[in-house]
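So this block is upload14.csv, CSV, C-alpha atoms:
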```csv
chain,number,residue,atom,x,y,z
A,1,SER,CA,118.5,-31.5,-87.7
A,2,ARG,CA,117.2,-34.8,-88.9
A,3,GLY,CA,113.8,-34.7,-90.7
A,4,GLY,CA,113.2,-31.0,-89.8
A,5,PHE,CA,112.8,-32.0,-86.1
A,6,ILE,CA,114.3,-29.3,-83.9
A,7,SER,CA,113.6,-29.8,-80.2
A,8,LYS,CA,114.2,-28.2,-76.9
A,9,ILE,CA,114.1,-29.9,-73.5
A,10,HIS,CA,112.6,-28.0,-70.6
A,11,CYS,CA,113.7,-29.5,-67.4
A,12,LEU,CA,112.9,-29.2,-63.7
A,13,ALA,CA,115.5,-30.6,-61.3
A,14,ASP,CA,115.6,-31.1,-57.5
A,15,GLY,CA,118.2,-29.8,-55.2
A,16,ARG,CA,120.5,-32.7,-56.0
A,17,GLY,CA,120.4,-32.1,-59.7
A,18,ARG,CA,118.1,-35.0,-60.5
A,19,THR,CA,115.4,-34.7,-63.1
A,20,VAL,CA,111.9,-34.2,-61.6
A,21,ALA,CA,109.9,-33.2,-64.7
A,22,PHE,CA,110.7,-32.4,-68.3
A,23,ALA,CA,108.9,-31.5,-71.5
A,24,LEU,CA,109.9,-31.5,-75.1
A,25,THR,CA,108.9,-28.7,-77.4
A,26,PRO,CA,109.9,-27.4,-80.9
A,27,GLY,CA,113.0,-25.4,-80.8
A,28,ASP,CA,111.3,-22.0,-81.4
A,29,VAL,CA,109.2,-22.1,-78.2
A,30,ALA,CA,110.3,-19.7,-75.5
A,31,ASP,CA,111.5,-21.1,-72.2
A,32,ILE,CA,109.0,-19.1,-70.2
A,33,SER,CA,106.0,-20.5,-72.0
A,34,MET,CA,106.8,-24.0,-70.6
A,35,ALA,CA,107.6,-22.9,-67.0
A,36,LEU,CA,104.0,-23.2,-65.7
A,37,PRO,CA,103.1,-26.5,-67.4
A,38,VAL,CA,106.3,-28.2,-66.1
A,39,LEU,CA,105.8,-26.7,-62.6
A,40,ARG,CA,102.1,-27.8,-62.5
A,41,ALA,CA,103.3,-31.4,-63.1
A,42,VAL,CA,104.9,-31.5,-59.7
A,43,VAL,CA,104.2,-30.5,-56.1
A,44,PRO,CA,105.2,-26.9,-55.8
A,45,PRO,CA,108.8,-26.6,-54.5
A,46,LYS,CA,109.9,-24.3,-51.6
A,47,ARG,CA,112.2,-22.4,-53.9
A,48,LEU,CA,112.6,-22.0,-57.7
A,49,ILE,CA,116.0,-21.2,-59.0
A,50,ALA,CA,115.9,-20.1,-62.6
A,51,ASP,CA,117.8,-18.0,-65.1
A,52,LYS,CA,116.9,-14.7,-66.7
A,53,ALA,CA,114.8,-16.4,-69.4
A,54,TYR,CA,112.2,-17.1,-66.7
A,55,ASP,CA,111.8,-13.5,-65.5
A,56,ALA,CA,108.1,-12.8,-66.1
A,57,GLN,CA,105.6,-11.2,-63.9
A,58,SER,CA,103.0,-13.9,-64.5
A,59,LEU,CA,105.4,-16.6,-63.2
A,60,ARG,CA,106.4,-14.5,-60.2
A,61,VAL,CA,102.8,-14.0,-59.3
A,62,TRP,CA,102.0,-17.7,-59.7
A,63,LEU,CA,105.0,-18.6,-57.5
A,64,LYS,CA,104.0,-16.1,-54.9
A,65,ASN,CA,100.4,-17.4,-54.7
A,66,ARG,CA,101.9,-20.9,-53.9
A,67,ARG,CA,104.4,-19.5,-51.4
A,68,VAL,CA,107.4,-20.5,-53.5
A,69,ILE,CA,110.5,-18.4,-53.1
A,70,ALA,CA,111.6,-17.1,-56.6
A,71,THR,CA,115.4,-16.9,-57.2
A,72,ILE,CA,115.3,-15.4,-60.6
A,73,PRO,CA,117.6,-12.6,-61.7
A,74,SER,CA,115.9,-9.7,-63.4
A,75,THR,CA,116.4,-9.1,-67.1
A,76,ALA,CA,118.3,-5.9,-68.2
A,77,THR,CA,115.1,-4.4,-69.6
A,78,ARG,CA,113.3,-4.3,-66.2
A,79,THR,CA,113.0,-0.9,-64.7
A,80,VAL,CA,112.3,-2.2,-61.1
A,81,LEU,CA,114.8,-4.9,-60.3
A,82,TYR,CA,113.8,-7.9,-58.1
A,83,LYS,CA,116.0,-8.9,-55.2
A,84,HIS,CA,117.3,-12.5,-55.3
A,85,SER,CA,119.8,-14.5,-53.2
A,86,ARG,CA,123.1,-14.7,-55.1
A,87,ILE,CA,124.1,-17.6,-52.9
A,88,ALA,CA,121.0,-19.6,-53.8
A,89,CYS,CA,121.5,-18.6,-57.5
A,90,ARG,CA,124.9,-20.3,-57.5
A,91,ARG,CA,123.1,-23.6,-57.0
A,92,ARG,CA,121.7,-23.3,-60.5
A,93,ASN,CA,124.8,-24.9,-61.8
A,94,ARG,CA,123.4,-28.2,-60.7
A,95,VAL,CA,120.8,-27.9,-63.4
A,96,GLU,CA,123.4,-26.9,-65.9
A,97,ARG,CA,125.5,-30.0,-64.9
A,98,LEU,CA,122.3,-32.1,-65.4
A,99,PHE,CA,122.1,-30.9,-69.0
A,100,GLY,CA,125.8,-31.6,-69.4
A,101,HIS,CA,125.3,-35.2,-68.2
A,102,LEU,CA,122.3,-35.6,-70.5
A,103,LYS,CA,124.3,-34.3,-73.5
A,104,ASN,CA,127.0,-36.9,-72.7
A,105,TRP,CA,124.5,-39.3,-74.2
A,106,ARG,CA,125.4,-39.1,-77.9
A,107,ARG,CA,121.8,-40.0,-78.9
A,108,ILE,CA,120.4,-37.0,-77.0
A,109,ALA,CA,123.2,-34.5,-78.0
A,110,ALA,CA,123.0,-35.3,-81.7
A,111,ARG,CA,119.2,-35.8,-81.7
A,112,TYR,CA,119.4,-39.0,-83.8
A,113,ASP,CA,115.7,-39.7,-83.2
A,114,ARG,CA,113.4,-38.5,-85.9
A,115,PHE,CA,110.2,-38.7,-83.9
A,116,ALA,CA,109.6,-36.6,-80.8
A,117,CYS,CA,108.2,-39.6,-78.8
A,118,ASN,CA,111.5,-41.6,-79.4
A,119,TYR,CA,113.6,-38.6,-78.5
A,120,LEU,CA,111.5,-38.0,-75.3
A,121,ALA,CA,111.9,-41.7,-74.4
A,122,ALA,CA,115.7,-41.5,-74.8
A,123,VAL,CA,115.8,-38.4,-72.5
A,124,ALA,CA,113.6,-40.2,-70.0
A,125,LEU,CA,115.9,-43.3,-70.1
A,126,ALA,CA,119.0,-41.1,-69.7
A,127,ALA,CA,117.4,-39.2,-66.8
A,128,CYS,CA,116.6,-42.4,-65.0
A,129,VAL,CA,120.1,-43.8,-65.4
A,130,LEU,CA,121.6,-40.5,-64.2
A,131,ALA,CA,119.4,-40.5,-61.1
A,132,TRP,CA,120.3,-44.1,-60.4
A,133,THR,CA,124.0,-43.6,-60.6
```
Show this structure as structure tokens.
Amino acid sequence: SRGGFISKIHCLADGRGRTVAFALTPGDVADISMALPVLRAVVPPKRLIADKAYDAQSLRVWLKNRRVIATIPSTATRTVLYKHSRIACRRRNRVERLFGHLKNWRRIAARYDRFACNYLAAVALAACVLAWT
């Protein structure tokens, strides 16, 4: 990394794979710790499709209180597995494709920016262009 700046993008996308909200954190921050701050930034969706990294009881309770359907596979360490729609879970690839499109921008993939504010601006610009095209 350049200048010791290691970052991770936490992204929330809509049903069409467009960026709705995102946050930038140091690389050692767990995904689940940024789920609620990113979700609080937008109107609660009808359904949240996420991967196993977001399998936490606190997130599930928060979603249930807001009547959001959670489509989150259970981790292997859970004793009681939660049911989820496998058909809805297949749509998660839209978010993965969004990250692929963002990483097509060399500046974002290589993390050329030394400062977090510049890197965040580059991600915002790329997300706007991707939503536009």
Rows by chain and residue number, stretch 22-107 of chain A within 9 Å of stretch 115-133 of chain A, shortest pair, all atoms listed in the file, as CSV:
```
residue,atom,partner,partner_atom,distance
A:Phe22,CA,A:Ala124,CA,8.5
A:Ala23,CA,A:Leu120,CA,8.0
A:Leu24,CA,A:Leu120,CA,6.7
A:Thr25,CA,A:Ala116,CA,8.6
A:Leu98,CA,A:Leu130,CA,8.5
A:His101,CA,A:Leu130,CA,7.6
A:Leu102,CA,A:Ala126,CA,6.5
A:Trp105,CA,A:Ala126,CA,7.3
A:Arg107,CA,A:Ala122,CA,7.5
```
task: Pick out the closest residue to A:Arg90 from this set: A:Ala50, A:Leu63, A:Ala110, A:Ala13. Count all atoms listed in the file.
output: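 Ranking A:Ala50, A:Leu63, A:Ala110, A:Ala13 by distance to A:Arg90, first place goes to A:Ala50.
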message: Considering all atoms listed in the file, can you say which of A:Arg47, A:Arg16, A:Arg78, A:Lys8 comes closest to A:Arg94?
response: A:Arg16
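Minimum atom-to-atom distances from A:Ala109, A:Val95, A:Cys89, A:Ala70 to A:Val20 were compared using only C-alpha atoms, and the lowest value belongs to A:Val95.
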message: Given only C-alpha atoms as the basis, pick out the residue of A:Ile49, A:Ala76, A:Leu12, A:Val38 nearest to A:Arg92.
response: A:Ile49
Pairwise distance for atom CA of A:Gly15 and atom CA of A:Glu96, rounded to one decimal in Å: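 So the two atoms, atom CA of A:Gly15 and atom CA of A:Glu96, lie 12.2 Å apart.
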Pick from A:Arg91, A:Arg114, A:Lys52, A:Arg60 nearest to A:Asp14, counting all atoms listed in the file: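 Nearest candidate to A:Asp14 out of A:Arg91, A:Arg114, A:Lys52, A:Arg60: A:Arg91.
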- prompt: Interatomic distance between atom CA of A:Ser7 and atom CA of A:Ala56?
  reply: 22.8 Å
query: Closest to A:Lys46 among A:Ser33, A:Val68, A:Gly27, A:Leu59, using only C-alpha atoms?
result: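 Nearest candidate to A:Lys46 out of A:Ser33, A:Val68, A:Gly27, A:Leu59: A:Val68.
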message: What's the separation between atom CA of A:Arg111 and atom CA of A:Asp55, in Å to one decimal place?
response: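 One can read the atom CA of A:Arg111 to atom CA of A:Asp55 distance as 28.5 Å.
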task: Name the residues within 10 Å of (107.0, -26.9, -63.4), counting all atoms listed in the file in the file's coordinates, and put them as a list in words.
output: His10, Cys11, Leu12, Ala13, Val20, Ala21, Phe22, Ala23, Met34, Ala35, Leu36, Pro37, Val38, Leu39, Arg40, Ala41, Val42, Val43, Pro44, Pro45 and Leu48 of chain A
Could you write out that same residue set with C-alpha atoms as a PDB file, keeping the file's coordinate frame?
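Done, and the output landed in again_17.pdb:
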```pdb
ATOM      1  CA  HIS A  10     112.600 -28.000 -70.600  1.00  0.00           C
ATOM      2  CA  CYS A  11     113.700 -29.500 -67.400  1.00  0.00           C
ATOM      3  CA  LEU A  12     112.900 -29.200 -63.700  1.00  0.00           C
ATOM      4  CA  ALA A  13     115.500 -30.600 -61.300  1.00  0.00           C
ATOM      5  CA  VAL A  20     111.900 -34.200 -61.600  1.00  0.00           C
ATOM      6  CA  ALA A  21     109.900 -33.200 -64.700  1.00  0.00           C
ATOM      7  CA  PHE A  22     110.700 -32.400 -68.300  1.00  0.00           C
ATOM      8  CA  ALA A  23     108.900 -31.500 -71.500  1.00  0.00           C
ATOM      9  CA  MET A  34     106.800 -24.000 -70.600  1.00  0.00           C
ATOM     10  CA  ALA A  35     107.600 -22.900 -67.000  1.00  0.00           C
ATOM     11  CA  LEU A  36     104.000 -23.200 -65.700  1.00  0.00           C
ATOM     12  CA  PRO A  37     103.100 -26.500 -67.400  1.00  0.00           C
ATOM     13  CA  VAL A  38     106.300 -28.200 -66.100  1.00  0.00           C
ATOM     14  CA  LEU A  39     105.800 -26.700 -62.600  1.00  0.00           C
ATOM     15  CA  ARG A  40     102.100 -27.800 -62.500  1.00  0.00           C
ATOM     16  CA  ALA A  41     103.300 -31.400 -63.100  1.00  0.00           C
ATOM     17  CA  VAL A  42     104.900 -31.500 -59.700  1.00  0.00           C
ATOM     18  CA  VAL A  43     104.200 -30.500 -56.100  1.00  0.00           C
ATOM     19  CA  PRO A  44     105.200 -26.900 -55.800  1.00  0.00           C
ATOM     20  CA  PRO A  45     108.800 -26.600 -54.500  1.00  0.00           C
ATOM     21  CA  LEU A  48     112.600 -22.000 -57.700  1.00  0.00           C
TER      22      LEU A  48
END
```
